[in-house]
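Next comes protein31.cif, a file with mmCIF, C-alpha atoms.
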```cif
data_input
#
loop_
_atom_site.label_atom_id
_atom_site.label_comp_id
_atom_site.auth_asym_id
_atom_site.auth_seq_id
_atom_site.Cartn_x
_atom_site.Cartn_y
_atom_site.Cartn_z
CA ALA A 1 7.79 -8.72 65.59
CA LYS A 2 5.47 -6.33 63.81
CA PRO A 3 8.26 -4.08 62.47
CA ALA A 4 10.14 -7.15 61.30
CA ALA A 5 7.04 -8.47 59.47
CA ALA A 6 6.45 -5.09 57.84
CA ALA A 7 10.04 -4.95 56.70
CA MET A 8 9.75 -8.45 55.24
CA ARG A 9 6.57 -7.49 53.34
CA ALA A 10 8.37 -4.45 51.93
CA VAL A 11 11.25 -6.62 50.73
CA VAL A 12 8.87 -9.11 49.12
CA SER A 13 6.96 -6.28 47.46
CA ALA A 14 10.17 -4.73 46.12
CA VAL A 15 11.29 -8.07 44.76
CA ALA A 16 7.90 -8.58 43.08
CA ILE A 17 8.04 -5.14 41.50
CA SER A 18 11.60 -5.73 40.30
CA ALA A 19 10.62 -9.12 38.89
CA GLY A 20 7.67 -7.55 37.07
CA ALA A 21 9.82 -4.80 35.63
CA ALA A 22 12.42 -7.32 34.53
CA ALA A 23 9.78 -9.47 32.85
CA ALA A 24 8.38 -6.45 31.03
CA TYR A 25 11.87 -5.47 29.89
CA LEU A 26 12.64 -8.97 28.65
CA LEU A 27 9.32 -9.03 26.78
CA TYR A 28 10.20 -5.72 25.15
CA ARG A 29 13.64 -7.00 24.14
CA ARG A 30 12.13 -10.19 22.74
CA ARG A 31 9.59 -8.28 20.70
CA ARG A 32 12.31 -6.08 19.27
CA ARG A 33 14.12 -9.23 18.21
CA ASP A 34 11.16 -11.36 17.17
CA PRO A 35 8.40 -10.51 14.65
CA GLY A 36 5.64 -8.25 15.89
CA ARG A 37 5.09 -4.67 16.90
CA VAL A 38 6.23 -2.48 19.79
CA GLY A 39 5.09 1.13 19.58
CA ASP A 40 5.41 2.21 15.96
CA TYR A 41 8.09 -0.40 15.26
CA TYR A 42 6.95 -3.52 13.40
CA LYS A 43 9.69 -6.14 13.31
CA LEU A 44 9.89 -8.09 10.04
CA THR A 45 10.95 -11.72 9.91
CA ALA A 46 13.85 -12.82 7.74
CA GLN A 47 11.33 -14.73 5.60
CA GLN A 48 9.19 -11.64 5.01
CA ILE A 49 12.24 -9.67 3.89
CA LEU A 50 13.26 -12.54 1.60
CA ASP A 51 9.74 -12.84 0.15
CA PHE A 52 9.70 -9.13 -0.67
CA HIS A 53 13.04 -9.18 -2.46
CA GLN A 54 12.68 -12.57 -4.15
CA LEU A 55 8.95 -13.07 -4.78
CA GLY A 56 8.15 -9.38 -5.10
CA LEU A 57 5.52 -9.44 -2.34
CA ALA A 58 5.22 -10.26 1.35
CA ARG A 59 2.30 -10.41 3.77
CA LEU A 60 2.46 -8.83 7.23
CA GLU A 61 -0.16 -9.87 9.74
CA SER A 62 -1.75 -7.79 12.55
CA VAL A 63 0.18 -4.60 11.86
CA LEU A 64 -2.46 -2.13 13.12
CA THR A 65 -4.87 -2.54 16.02
CA ASP A 66 -8.60 -2.45 15.37
CA GLU A 67 -8.78 0.89 17.18
CA GLU A 68 -6.16 2.34 14.83
CA VAL A 69 -7.98 0.98 11.79
CA ARG A 70 -11.28 2.46 13.01
CA GLY A 71 -9.69 5.89 13.25
CA ILE A 72 -8.49 5.65 9.65
CA GLU A 73 -11.77 4.11 8.53
CA GLU A 74 -13.78 7.15 9.65
CA VAL A 75 -11.80 9.45 7.38
CA TYR A 76 -11.65 6.88 4.59
CA ASP A 77 -15.44 6.62 4.42
CA LYS A 78 -15.78 10.40 4.22
CA PHE A 79 -13.69 10.29 1.05
CA MET A 80 -15.89 7.52 -0.37
CA ARG A 81 -19.06 9.49 0.44
CA ARG A 82 -17.49 12.55 -1.24
CA GLU A 83 -17.67 14.54 2.00
CA ILE A 84 -13.98 15.34 1.48
CA HIS A 85 -13.50 16.89 -1.92
CA VAL A 86 -10.97 15.35 -4.30
CA PRO A 87 -10.68 17.41 -7.50
CA GLY A 88 -10.81 16.25 -11.08
CA ARG A 89 -9.40 12.91 -12.12
CA ASP A 90 -7.90 12.19 -8.72
CA PHE A 91 -11.35 10.80 -7.86
CA CYS A 92 -12.15 8.15 -10.45
CA ASP A 93 -12.86 4.51 -11.22
CA MET A 94 -9.65 2.53 -11.74
CA SER A 95 -11.43 -0.11 -13.81
CA LYS A 96 -13.31 2.12 -16.26
CA THR A 97 -13.03 5.26 -18.34
CA TYR A 98 -13.05 8.72 -16.81
CA ASP A 99 -16.49 9.52 -18.23
CA THR A 100 -18.23 6.68 -16.33
CA PRO A 101 -21.01 8.05 -14.06
CA PHE A 102 -20.21 7.78 -10.32
CA GLU A 103 -23.18 5.49 -9.70
CA GLN A 104 -21.66 2.92 -12.08
CA TRP A 105 -18.17 2.91 -10.60
CA SER A 106 -16.75 -0.41 -9.42
CA ILE A 107 -13.31 0.53 -8.02
CA VAL A 108 -13.55 3.94 -6.37
CA ASN A 109 -10.11 5.56 -6.33
CA ALA A 110 -9.12 8.62 -4.31
CA MET A 111 -5.58 9.76 -5.02
CA LEU A 112 -3.34 11.63 -2.57
CA PRO A 113 -5.72 11.64 0.43
CA THR A 114 -3.24 13.36 2.76
CA LYS A 115 -2.85 16.16 0.22
CA TYR A 116 -6.59 16.81 0.12
CA HIS A 117 -7.11 16.14 3.84
CA PRO A 118 -3.87 17.03 5.69
CA PRO A 119 -5.15 15.91 9.15
CA LEU A 120 -4.87 12.31 7.90
CA ALA A 121 -1.08 12.66 7.62
CA GLY A 122 1.01 11.16 10.40
CA ASN A 123 -1.52 8.43 11.18
CA ALA A 124 -0.51 5.07 12.66
CA PHE A 125 -0.23 3.42 9.25
CA GLU A 126 2.23 6.05 8.02
CA ARG A 127 4.33 5.83 11.18
CA VAL A 128 4.55 2.04 11.20
CA ALA A 129 5.14 1.96 7.44
CA GLU A 130 8.33 3.97 7.85
CA THR A 131 9.80 1.33 10.17
CA ILE A 132 8.89 -1.46 7.74
CA VAL A 133 10.46 0.29 4.76
CA ALA A 134 13.66 0.97 6.71
CA GLN A 135 14.07 -2.77 7.28
CA LEU A 136 13.55 -3.60 3.61
CA PHE A 137 16.07 -1.01 2.44
CA PRO A 138 18.50 -0.42 5.31
CA GLY A 139 20.90 2.41 4.65
CA LYS A 140 18.85 3.89 1.80
CA LYS A 141 16.89 7.10 2.29
CA MET A 142 13.30 6.22 1.41
CA VAL A 143 10.48 8.79 1.58
CA LYS A 144 6.74 8.72 1.06
CA ASP A 145 6.00 9.28 -2.61
CA TYR A 146 2.20 9.08 -2.73
CA ASP A 147 -0.87 7.59 -1.11
CA GLN A 148 -4.18 6.30 -2.42
CA LEU A 149 -7.55 4.93 -1.27
CA LEU A 150 -9.20 2.09 -3.20
CA ASN A 151 -12.70 0.75 -2.63
CA LYS A 152 -14.11 -2.25 -4.49
CA ARG A 153 -17.84 -1.83 -4.17
CA PRO A 154 -19.97 -4.80 -3.02
CA GLY A 155 -21.15 -7.23 -5.66
CA LYS A 156 -19.03 -5.71 -8.41
CA GLU A 157 -17.65 -8.68 -10.30
CA ASP A 158 -16.14 -6.24 -12.79
CA ALA A 159 -14.07 -4.53 -10.06
CA VAL A 160 -10.97 -6.05 -11.60
CA PHE A 161 -7.61 -4.37 -11.22
CA ALA A 162 -5.86 -5.39 -14.43
CA TRP A 163 -2.49 -7.15 -14.42
CA HIS A 164 0.30 -4.60 -14.35
CA GLN A 165 3.71 -3.59 -13.06
CA ASP A 166 3.79 -0.35 -11.10
CA MET A 167 6.78 0.85 -13.14
CA ALA A 168 4.50 1.00 -16.18
CA TYR A 169 2.66 3.88 -14.48
CA TRP A 170 5.78 5.80 -13.55
CA PRO A 171 8.66 7.57 -15.32
CA PRO A 172 11.95 5.66 -15.62
CA THR A 173 14.57 6.71 -13.09
CA LYS A 174 18.03 5.47 -12.19
CA ASP A 175 16.97 4.17 -8.78
CA THR A 176 13.57 2.47 -8.95
CA ALA A 177 13.51 1.09 -5.38
CA THR A 178 9.92 1.12 -4.13
CA VAL A 179 7.90 -0.33 -1.27
CA THR A 180 4.14 -0.20 -1.75
CA LEU A 181 2.21 -1.00 1.42
CA SER A 182 -1.50 -1.88 1.21
CA LEU A 183 -3.50 -1.80 4.44
CA ALA A 184 -6.64 -3.93 4.57
CA ILE A 185 -9.51 -1.90 6.03
CA ASP A 186 -11.69 -4.96 5.45
CA ASP A 187 -10.61 -8.59 5.37
CA SER A 188 -9.16 -9.05 1.89
CA THR A 189 -10.22 -12.43 0.49
CA GLU A 190 -10.40 -14.29 -2.79
CA GLN A 191 -14.15 -13.65 -2.90
CA ASN A 192 -13.89 -9.87 -2.59
CA GLY A 193 -10.91 -9.53 -4.91
CA CYS A 194 -7.72 -9.74 -2.87
CA LEU A 195 -4.39 -8.95 -4.46
CA ARG A 196 -2.91 -11.61 -6.72
CA PHE A 197 0.60 -11.72 -8.17
CA VAL A 198 3.07 -13.65 -10.29
CA PRO A 199 5.92 -14.60 -7.94
CA ARG A 200 9.45 -13.71 -9.11
CA SER A 201 8.03 -11.94 -12.17
CA GLY A 202 9.99 -8.80 -11.33
CA LEU A 203 13.43 -10.29 -10.69
CA ALA A 204 14.70 -9.34 -14.16
CA LYS A 205 13.57 -5.72 -13.57
CA THR A 206 12.22 -5.47 -17.10
CA LEU A 207 8.95 -3.92 -18.17
CA ARG A 208 6.35 -5.98 -19.99
CA GLU A 209 4.22 -4.46 -22.69
CA HIS A 210 1.23 -2.61 -21.22
CA LYS A 211 -1.79 -1.22 -23.01
CA PRO A 212 -4.35 1.33 -21.74
CA LEU A 213 -7.80 0.06 -20.80
CA GLY A 214 -9.26 2.86 -22.92
CA SER A 215 -8.18 4.13 -26.32
CA SER A 216 -5.50 6.23 -24.59
CA ARG A 217 -4.19 7.16 -21.12
CA ASP A 218 -6.26 10.34 -21.35
CA GLU A 219 -9.47 8.31 -21.64
CA ALA A 220 -8.69 5.86 -18.83
CA HIS A 221 -5.76 5.94 -16.42
CA ALA A 222 -5.50 2.17 -15.89
CA ILE A 223 -3.29 -0.04 -18.04
CA GLN A 224 -2.93 -3.79 -18.42
CA ALA A 225 -0.30 -6.41 -19.18
CA VAL A 226 -0.68 -10.03 -20.26
CA VAL A 227 -0.09 -12.99 -17.94
CA GLY A 228 0.32 -16.28 -19.74
CA PRO A 229 -1.52 -19.50 -18.80
CA GLU A 230 1.81 -21.16 -17.96
CA GLU A 231 2.69 -18.57 -15.31
CA GLU A 232 2.16 -19.25 -11.61
CA VAL A 233 -0.37 -16.96 -9.93
CA ARG A 234 -0.63 -16.64 -6.14
CA LEU A 235 -3.29 -14.98 -4.02
CA ALA A 236 -2.36 -12.67 -1.13
CA PRO A 237 -5.35 -12.52 1.25
CA VAL A 238 -4.88 -10.57 4.49
CA ALA A 239 -7.08 -9.80 7.49
CA ARG A 240 -8.26 -6.34 8.51
CA GLY A 241 -5.34 -4.41 9.98
CA SER A 242 -2.78 -6.48 8.07
CA LEU A 243 -0.69 -5.49 5.05
CA THR A 244 0.82 -6.63 1.82
CA VAL A 245 4.09 -5.03 0.71
CA HIS A 246 5.25 -5.30 -2.89
CA ASP A 247 7.98 -3.93 -5.12
CA GLU A 248 7.81 -1.92 -8.33
CA TRP A 249 8.44 -4.72 -10.85
CA VAL A 250 6.27 -7.62 -9.69
CA VAL A 251 3.29 -8.35 -11.96
CA HIS A 252 0.11 -8.06 -9.91
CA GLY A 253 -3.58 -7.22 -10.01
CA SER A 254 -6.80 -8.33 -8.34
CA GLY A 255 -10.13 -9.93 -9.17
CA GLY A 256 -13.68 -8.62 -8.87
CA ASN A 257 -15.71 -8.33 -5.67
CA GLY A 258 -18.35 -11.04 -5.51
CA SER A 259 -19.11 -10.46 -1.83
CA LYS A 260 -21.86 -8.45 -0.15
CA GLY A 261 -19.40 -6.05 1.47
CA PRO A 262 -16.75 -3.63 0.23
CA ARG A 263 -13.06 -4.34 -0.06
CA ARG A 264 -11.39 -1.14 1.18
CA THR A 265 -7.65 -0.62 0.91
CA TYR A 266 -5.31 2.22 1.93
CA VAL A 267 -2.10 2.36 -0.09
CA ILE A 268 1.15 4.19 0.73
CA ALA A 269 4.23 3.99 -1.51
CA PHE A 270 7.78 4.84 -0.47
CA ARG A 271 10.54 5.44 -3.00
CA ALA A 272 14.16 6.55 -2.92
CA ALA A 273 14.42 10.22 -1.98
CA GLU A 274 16.48 10.97 -5.09
CA THR A 275 13.81 9.39 -7.27
CA VAL A 276 10.98 11.39 -5.72
CA ALA A 277 12.96 14.59 -6.22
CA GLN A 278 13.49 13.68 -9.89
CA GLU A 279 9.77 12.97 -10.34
CA ARG A 280 8.74 16.29 -8.84
CA ALA A 281 11.28 18.19 -10.93
CA ALA A 282 9.61 16.70 -14.02
CA GLY A 283 6.16 17.72 -12.78
CA PHE A 284 5.13 14.19 -11.85
CA THR A 285 3.24 13.97 -8.52
CA HIS A 286 1.15 10.80 -9.08
CA SER A 287 -1.91 13.01 -9.43
CA HIS A 288 -4.13 12.05 -12.34
CA ASN A 289 -4.49 15.79 -12.86
CA ASP A 290 -0.78 16.20 -13.70
CA LYS A 291 -0.35 17.82 -17.10
CA VAL A 292 1.49 14.88 -18.56
CA ASN A 293 1.54 13.74 -22.18
CA TRP A 294 1.66 10.01 -21.56
CA ASP A 295 2.80 9.32 -25.15
CA THR A 296 6.06 11.26 -24.68
CA PHE A 297 6.62 11.42 -20.93
CA ARG A 298 8.57 8.18 -20.56
CA GLU A 299 10.79 9.14 -23.51
CA HIS A 300 11.46 12.54 -21.93
CA MET A 301 12.36 11.06 -18.54
CA SER A 302 14.81 8.55 -20.03
CA THR A 303 16.95 11.19 -21.76
#
```
Could you write out this structure as structure tokens?
Amino acid sequence: AKPAAAAMRAVVSAVAISAGAAAAYLLYRRRRRDPGRVGDYYKLTAQQILDFHQLGLARLESVLTDEEVRGIEEVYDKFMRREIHVPGRDFCDMSKTYDTPFEQWSIVNAMLPTKYHPPLAGNAFERVAETIVAQLFPGKKMVKDYDQLLNKRPGKEDAVFAWHQDMAYWPPTKDTATVTLSLAIDDSTEQNGCLRFVPRSGLAKTLREHKPLGSSRDEAHAIQAVVGPEEEVRLAPVARGSLTVHDEWVVHGSGGNGSKGPRRTYVIAFRAAETVAQERAAGFTHSHNDKVNWDTFREHMST
């Protein structure tokens, strides 16, 4: 009787293990099909893909775990404390002129963080971003073009990112396809100046008139466009660890930070590989230290 009972327990145990493995496999298959993340793969919904291509922007919730965000946050804060050196104009205020003293900055901007701190490269955000971009442009070779850290300091109502289209910052190229992913290190809300945009404003793929915030692009890097009172404006708040993804033509910006905490964002942009190669050949790296004559550069690139 005892051997028979032992054999029965073994059979039951095997069945239980098999059932557990099958359930895990089915869960994995479902997650690959449904929205959410498995490993570095974040599955987009059909609506998110449609929003990106039609509205110009989509929101993706719970993309990174809190542990992953904390790992990025540690390095991020070292940049903001100037413990990691960023040379020249690649460390600046995106809302003011280059000559503004550091203590008076409102939007602290650190360009190309993985260039100046290579250990940051290959982090969870970069890895997951690649899978998101591949779903938005299947069949097209998209590569990382640049990255950027932005910090709206607490209580800075003037930490306003002016209305603009990203293409106004960049040289014209034949293939403009771009996915810009913005990771929320802090909850991004209306109070602390979350991203806002004009839905469908980029469908025509035409550039609005933009003017520099300073007297020239050499005085202040930021530029601004005009949004009329008749145009619809939407907010795009996201929680810590979540993302917004937007294209290169949508008109967007953000308001000031009226909260008691910072609004920290980590940006990565992917563009067509051919486009990035063309930019680099022209000496354009997205560094504010590039030796670019902004009055003639766009004309040169279009010839």
List, as number ranges by chain, every residue that the PyMOL selection byres ((chain A and resi 91-97) around 8) selects in the file provided. A: 86-90, 98-100, 105-111, 158-162, 213-214, 219-222
Expand the PyMOL selection byres ((chain A and resi 260-264) around 8) into the individual residues it matches in the shown file, reporting them as a ChimeraX atom specification. /A:149-155,184-188,192-193,257-259,265-266
Could you save the residues just selected, with C-alpha atoms, as a CSV table (one decimal), keeping the file's coordinate frame?
```
chain,number,residue,atom,x,y,z
A,149,LEU,CA,-7.6,4.9,-1.3
A,150,LEU,CA,-9.2,2.1,-3.2
A,151,ASN,CA,-12.7,0.8,-2.6
A,152,LYS,CA,-14.1,-2.2,-4.5
A,153,ARG,CA,-17.8,-1.8,-4.2
A,154,PRO,CA,-20.0,-4.8,-3.0
A,155,GLY,CA,-21.2,-7.2,-5.7
A,184,ALA,CA,-6.6,-3.9,4.6
A,185,ILE,CA,-9.5,-1.9,6.0
A,186,ASP,CA,-11.7,-5.0,5.4
A,187,ASP,CA,-10.6,-8.6,5.4
A,188,SER,CA,-9.2,-9.0,1.9
A,192,ASN,CA,-13.9,-9.9,-2.6
A,193,GLY,CA,-10.9,-9.5,-4.9
A,257,ASN,CA,-15.7,-8.3,-5.7
A,258,GLY,CA,-18.4,-11.0,-5.5
A,259,SER,CA,-19.1,-10.5,-1.8
A,265,THR,CA,-7.6,-0.6,0.9
A,266,TYR,CA,-5.3,2.2,1.9
```
My list of candidates is A:Asp290, A:Asp40, A:Glu274, A:Asp247. Which is closest to Thr173 of chain A when distances are computed with only C-alpha atoms?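 Of all the options, A:Glu274 lies closest to Thr173 of chain A.
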Would you mind listing what lies within 12 Å of Asn123 of chain A as a list in words, with all atoms listed in the file counted and same-chain residues fewer than 5 positions away left out?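 Here the qualifying residues turn out to be Asp40, Leu64, Glu68, Val69, Arg70, Gly71, Ile72, Glu73, Val75, Pro113, Thr114, Pro118, Val128, Ala129, Glu130, Tyr266 and Ile268 of chain A.
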Straight-line distance linking atom CA of Gly139 of chain A with atom CA of Ser242 of chain A, stated in Å to one decimal: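 Atom-to-atom, atom CA of Gly139 of chain A and atom CA of Ser242 of chain A are spaced 25.5 Å apart.
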To one decimal in Å, tell me the separation between atom CA of Leu243 of chain A and atom CA of Ser62 of chain A.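 Interatomic distance here is 7.9 Å.
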When you draw a straight line from atom CA of Lys291 of chain A to atom CA of Ala168 of chain A, how long is it in Å?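 Here the two named atoms are 17.5 Å from each other.
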Which is closest to Thr178 of chain A among A:Val238, A:Ala204, A:Ala269, A:Ala134, if we use all atoms listed in the file?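 Between A:Val238, A:Ala204, A:Ala269, A:Ala134, the residue approaching Thr178 of chain A most closely is A:Ala269.
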Using only C-alpha atoms, find the one residue out of A:Leu183, A:Leu203, A:Val245, A:Val198 that sits nearest to Val227 of chain A.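 For Val227 of chain A, the nearest of the given residues is A:Val198.
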Quick one: which residues end up in the PyMOL selection byres ((chain A and resi 248) around 8) for this structure, as number ranges by chain? A: 165-167, 176-180, 202, 246-247, 249-250
Considering all atoms listed in the file, can you say which of A:Thr65, A:Gln104, A:Gln148, A:Gln54 comes closest to His288 of chain A?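 The answer is A:Gln148, which sits nearest to His288 of chain A.
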Please determine, counting all atoms listed in the file, which residue among A:Thr206, A:Trp170, A:Lys43, A:Leu195 has the shortest atom-to-atom distance to Val133 of chain A.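 Under the stated criterion, the closest residue is A:Lys43.
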Find the smallest box with edges along x, y and z containing every listed atom of segment 171-174 of chain A, then add 6 Å on each side and report centre and edge lengths in Å to one decimal, as JSON.
```
{"center_x": 13.3, "center_y": 6.5, "center_z": -13.9, "size_x": 21.4, "size_y": 14.1, "size_z": 15.4}
```
Using all atoms listed in the file, pick whichever of A:Phe197, A:Tyr76, A:Phe284, A:Phe125 has the shortest atom-to-atom distance to Ser182 of chain A.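 Going through A:Phe197, A:Tyr76, A:Phe284, A:Phe125 one by one, the smallest distance to Ser182 of chain A is for A:Phe125.
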Please, can segment 87-121 of chain A be completed to N, CA and C atoms and returned as a PDB file, in the frame of the given file?
```pdb
ATOM      1  N   PRO A  87     -10.390  16.770  -6.214  1.00  0.00           N
ATOM      2  CA  PRO A  87     -10.680  17.410  -7.500  1.00  0.00           C
ATOM      3  C   PRO A  87     -10.342  16.561  -8.721  1.00  0.00           C
ATOM      4  N   GLY A  88     -11.115  16.788  -9.769  1.00  0.00           N
ATOM      5  CA  GLY A  88     -10.810  16.250 -11.080  1.00  0.00           C
ATOM      6  C   GLY A  88     -10.649  14.749 -11.138  1.00  0.00           C
ATOM      7  N   ARG A  89      -9.627  14.323 -11.870  1.00  0.00           N
ATOM      8  CA  ARG A  89      -9.400  12.910 -12.120  1.00  0.00           C
ATOM      9  C   ARG A  89      -8.758  12.164 -10.957  1.00  0.00           C
ATOM     10  N   ASP A  90      -8.423  12.875  -9.892  1.00  0.00           N
ATOM     11  CA  ASP A  90      -7.900  12.190  -8.720  1.00  0.00           C
ATOM     12  C   ASP A  90      -8.991  11.433  -7.967  1.00  0.00           C
ATOM     13  N   PHE A  91     -10.232  11.617  -8.375  1.00  0.00           N
ATOM     14  CA  PHE A  91     -11.350  10.800  -7.860  1.00  0.00           C
ATOM     15  C   PHE A  91     -11.966  10.144  -9.085  1.00  0.00           C
ATOM     16  N   CYS A  92     -11.760   8.835  -9.207  1.00  0.00           N
ATOM     17  CA  CYS A  92     -12.150   8.150 -10.450  1.00  0.00           C
ATOM     18  C   CYS A  92     -12.384   6.675 -10.191  1.00  0.00           C
ATOM     19  N   ASP A  93     -12.725   5.959 -11.256  1.00  0.00           N
ATOM     20  CA  ASP A  93     -12.860   4.510 -11.220  1.00  0.00           C
ATOM     21  C   ASP A  93     -11.625   3.916 -11.901  1.00  0.00           C
ATOM     22  N   MET A  94     -10.877   3.091 -11.180  1.00  0.00           N
ATOM     23  CA  MET A  94      -9.650   2.530 -11.740  1.00  0.00           C
ATOM     24  C   MET A  94      -9.889   1.343 -12.667  1.00  0.00           C
ATOM     25  N   SER A  95     -11.147   1.003 -12.908  1.00  0.00           N
ATOM     26  CA  SER A  95     -11.430  -0.110 -13.810  1.00  0.00           C
ATOM     27  C   SER A  95     -12.170   0.335 -15.059  1.00  0.00           C
ATOM     28  N   LYS A  96     -12.496   1.639 -15.139  1.00  0.00           N
ATOM     29  CA  LYS A  96     -13.310   2.120 -16.260  1.00  0.00           C
ATOM     30  C   LYS A  96     -12.792   3.458 -16.765  1.00  0.00           C
ATOM     31  N   THR A  97     -13.446   3.992 -17.772  1.00  0.00           N
ATOM     32  CA  THR A  97     -13.030   5.260 -18.340  1.00  0.00           C
ATOM     33  C   THR A  97     -13.452   6.417 -17.448  1.00  0.00           C
ATOM     34  N   TYR A  98     -12.799   7.559 -17.645  1.00  0.00           N
ATOM     35  CA  TYR A  98     -13.050   8.720 -16.810  1.00  0.00           C
ATOM     36  C   TYR A  98     -14.486   9.243 -16.916  1.00  0.00           C
ATOM     37  N   ASP A  99     -15.144   8.975 -18.035  1.00  0.00           N
ATOM     38  CA  ASP A  99     -16.490   9.520 -18.230  1.00  0.00           C
ATOM     39  C   ASP A  99     -17.590   8.637 -17.650  1.00  0.00           C
ATOM     40  N   THR A 100     -17.223   7.567 -16.934  1.00  0.00           N
ATOM     41  CA  THR A 100     -18.230   6.680 -16.330  1.00  0.00           C
ATOM     42  C   THR A 100     -18.932   7.390 -15.187  1.00  0.00           C
ATOM     43  N   PRO A 101     -20.282   7.393 -15.158  1.00  0.00           N
ATOM     44  CA  PRO A 101     -21.010   8.050 -14.060  1.00  0.00           C
ATOM     45  C   PRO A 101     -20.653   7.421 -12.703  1.00  0.00           C
ATOM     46  N   PHE A 102     -20.613   8.226 -11.643  1.00  0.00           N
ATOM     47  CA  PHE A 102     -20.210   7.780 -10.320  1.00  0.00           C
ATOM     48  C   PHE A 102     -21.025   6.581  -9.845  1.00  0.00           C
ATOM     49  N   GLU A 103     -22.308   6.568 -10.145  1.00  0.00           N
ATOM     50  CA  GLU A 103     -23.180   5.490  -9.700  1.00  0.00           C
ATOM     51  C   GLU A 103     -22.782   4.139 -10.291  1.00  0.00           C
ATOM     52  N   GLN A 104     -22.042   4.151 -11.398  1.00  0.00           N
ATOM     53  CA  GLN A 104     -21.660   2.920 -12.080  1.00  0.00           C
ATOM     54  C   GLN A 104     -20.216   2.506 -11.780  1.00  0.00           C
ATOM     55  N   TRP A 105     -19.551   3.245 -10.918  1.00  0.00           N
ATOM     56  CA  TRP A 105     -18.170   2.910 -10.600  1.00  0.00           C
ATOM     57  C   TRP A 105     -18.085   1.573  -9.865  1.00  0.00           C
ATOM     58  N   SER A 106     -16.987   0.863 -10.097  1.00  0.00           N
ATOM     59  CA  SER A 106     -16.750  -0.410  -9.420  1.00  0.00           C
ATOM     60  C   SER A 106     -15.558  -0.356  -8.469  1.00  0.00           C
ATOM     61  N   ILE A 107     -14.475   0.321  -8.892  1.00  0.00           N
ATOM     62  CA  ILE A 107     -13.310   0.530  -8.020  1.00  0.00           C
ATOM     63  C   ILE A 107     -13.168   2.027  -7.807  1.00  0.00           C
ATOM     64  N   VAL A 108     -13.644   2.514  -6.678  1.00  0.00           N
ATOM     65  CA  VAL A 108     -13.550   3.940  -6.370  1.00  0.00           C
ATOM     66  C   VAL A 108     -12.115   4.242  -5.933  1.00  0.00           C
ATOM     67  N   ASN A 109     -11.502   5.219  -6.586  1.00  0.00           N
ATOM     68  CA  ASN A 109     -10.110   5.560  -6.330  1.00  0.00           C
ATOM     69  C   ASN A 109      -9.998   7.025  -5.924  1.00  0.00           C
ATOM     70  N   ALA A 110      -9.401   7.261  -4.761  1.00  0.00           N
ATOM     71  CA  ALA A 110      -9.120   8.620  -4.310  1.00  0.00           C
ATOM     72  C   ALA A 110      -7.613   8.764  -4.172  1.00  0.00           C
ATOM     73  N   MET A 111      -7.019   9.551  -5.053  1.00  0.00           N
ATOM     74  CA  MET A 111      -5.580   9.760  -5.020  1.00  0.00           C
ATOM     75  C   MET A 111      -5.199  10.807  -3.972  1.00  0.00           C
ATOM     76  N   LEU A 112      -4.004  10.643  -3.426  1.00  0.00           N
ATOM     77  CA  LEU A 112      -3.340  11.630  -2.570  1.00  0.00           C
ATOM     78  C   LEU A 112      -4.230  12.127  -1.428  1.00  0.00           C
ATOM     79  N   PRO A 113      -4.790  11.223  -0.626  1.00  0.00           N
ATOM     80  CA  PRO A 113      -5.720  11.640   0.430  1.00  0.00           C
ATOM     81  C   PRO A 113      -5.120  12.601   1.459  1.00  0.00           C
ATOM     82  N   THR A 114      -3.822  12.444   1.773  1.00  0.00           N
ATOM     83  CA  THR A 114      -3.240  13.360   2.760  1.00  0.00           C
ATOM     84  C   THR A 114      -2.981  14.743   2.171  1.00  0.00           C
ATOM     85  N   LYS A 115      -2.953  14.847   0.852  1.00  0.00           N
ATOM     86  CA  LYS A 115      -2.850  16.160   0.220  1.00  0.00           C
ATOM     87  C   LYS A 115      -4.184  16.899   0.341  1.00  0.00           C
ATOM     88  N   TYR A 116      -5.266  16.181   0.118  1.00  0.00           N
ATOM     89  CA  TYR A 116      -6.590  16.810   0.120  1.00  0.00           C
ATOM     90  C   TYR A 116      -7.217  16.855   1.515  1.00  0.00           C
ATOM     91  N   HIS A 117      -6.651  16.089   2.447  1.00  0.00           N
ATOM     92  CA  HIS A 117      -7.110  16.140   3.840  1.00  0.00           C
ATOM     93  C   HIS A 117      -5.892  16.003   4.743  1.00  0.00           C
ATOM     94  N   PRO A 118      -5.133  17.083   4.929  1.00  0.00           N
ATOM     95  CA  PRO A 118      -3.870  17.030   5.690  1.00  0.00           C
ATOM     96  C   PRO A 118      -3.968  16.424   7.081  1.00  0.00           C
ATOM     97  N   PRO A 119      -5.109  16.535   7.814  1.00  0.00           N
ATOM     98  CA  PRO A 119      -5.150  15.910   9.150  1.00  0.00           C
ATOM     99  C   PRO A 119      -4.926  14.395   9.129  1.00  0.00           C
ATOM    100  N   LEU A 120      -5.094  13.750   7.978  1.00  0.00           N
ATOM    101  CA  LEU A 120      -4.870  12.310   7.900  1.00  0.00           C
ATOM    102  C   LEU A 120      -3.379  11.973   7.979  1.00  0.00           C
ATOM    103  N   ALA A 121      -2.525  12.915   7.621  1.00  0.00           N
ATOM    104  CA  ALA A 121      -1.080  12.660   7.620  1.00  0.00           C
ATOM    105  C   ALA A 121      -0.584  12.365   9.033  1.00  0.00           C
TER     106      ALA A 121
END
```
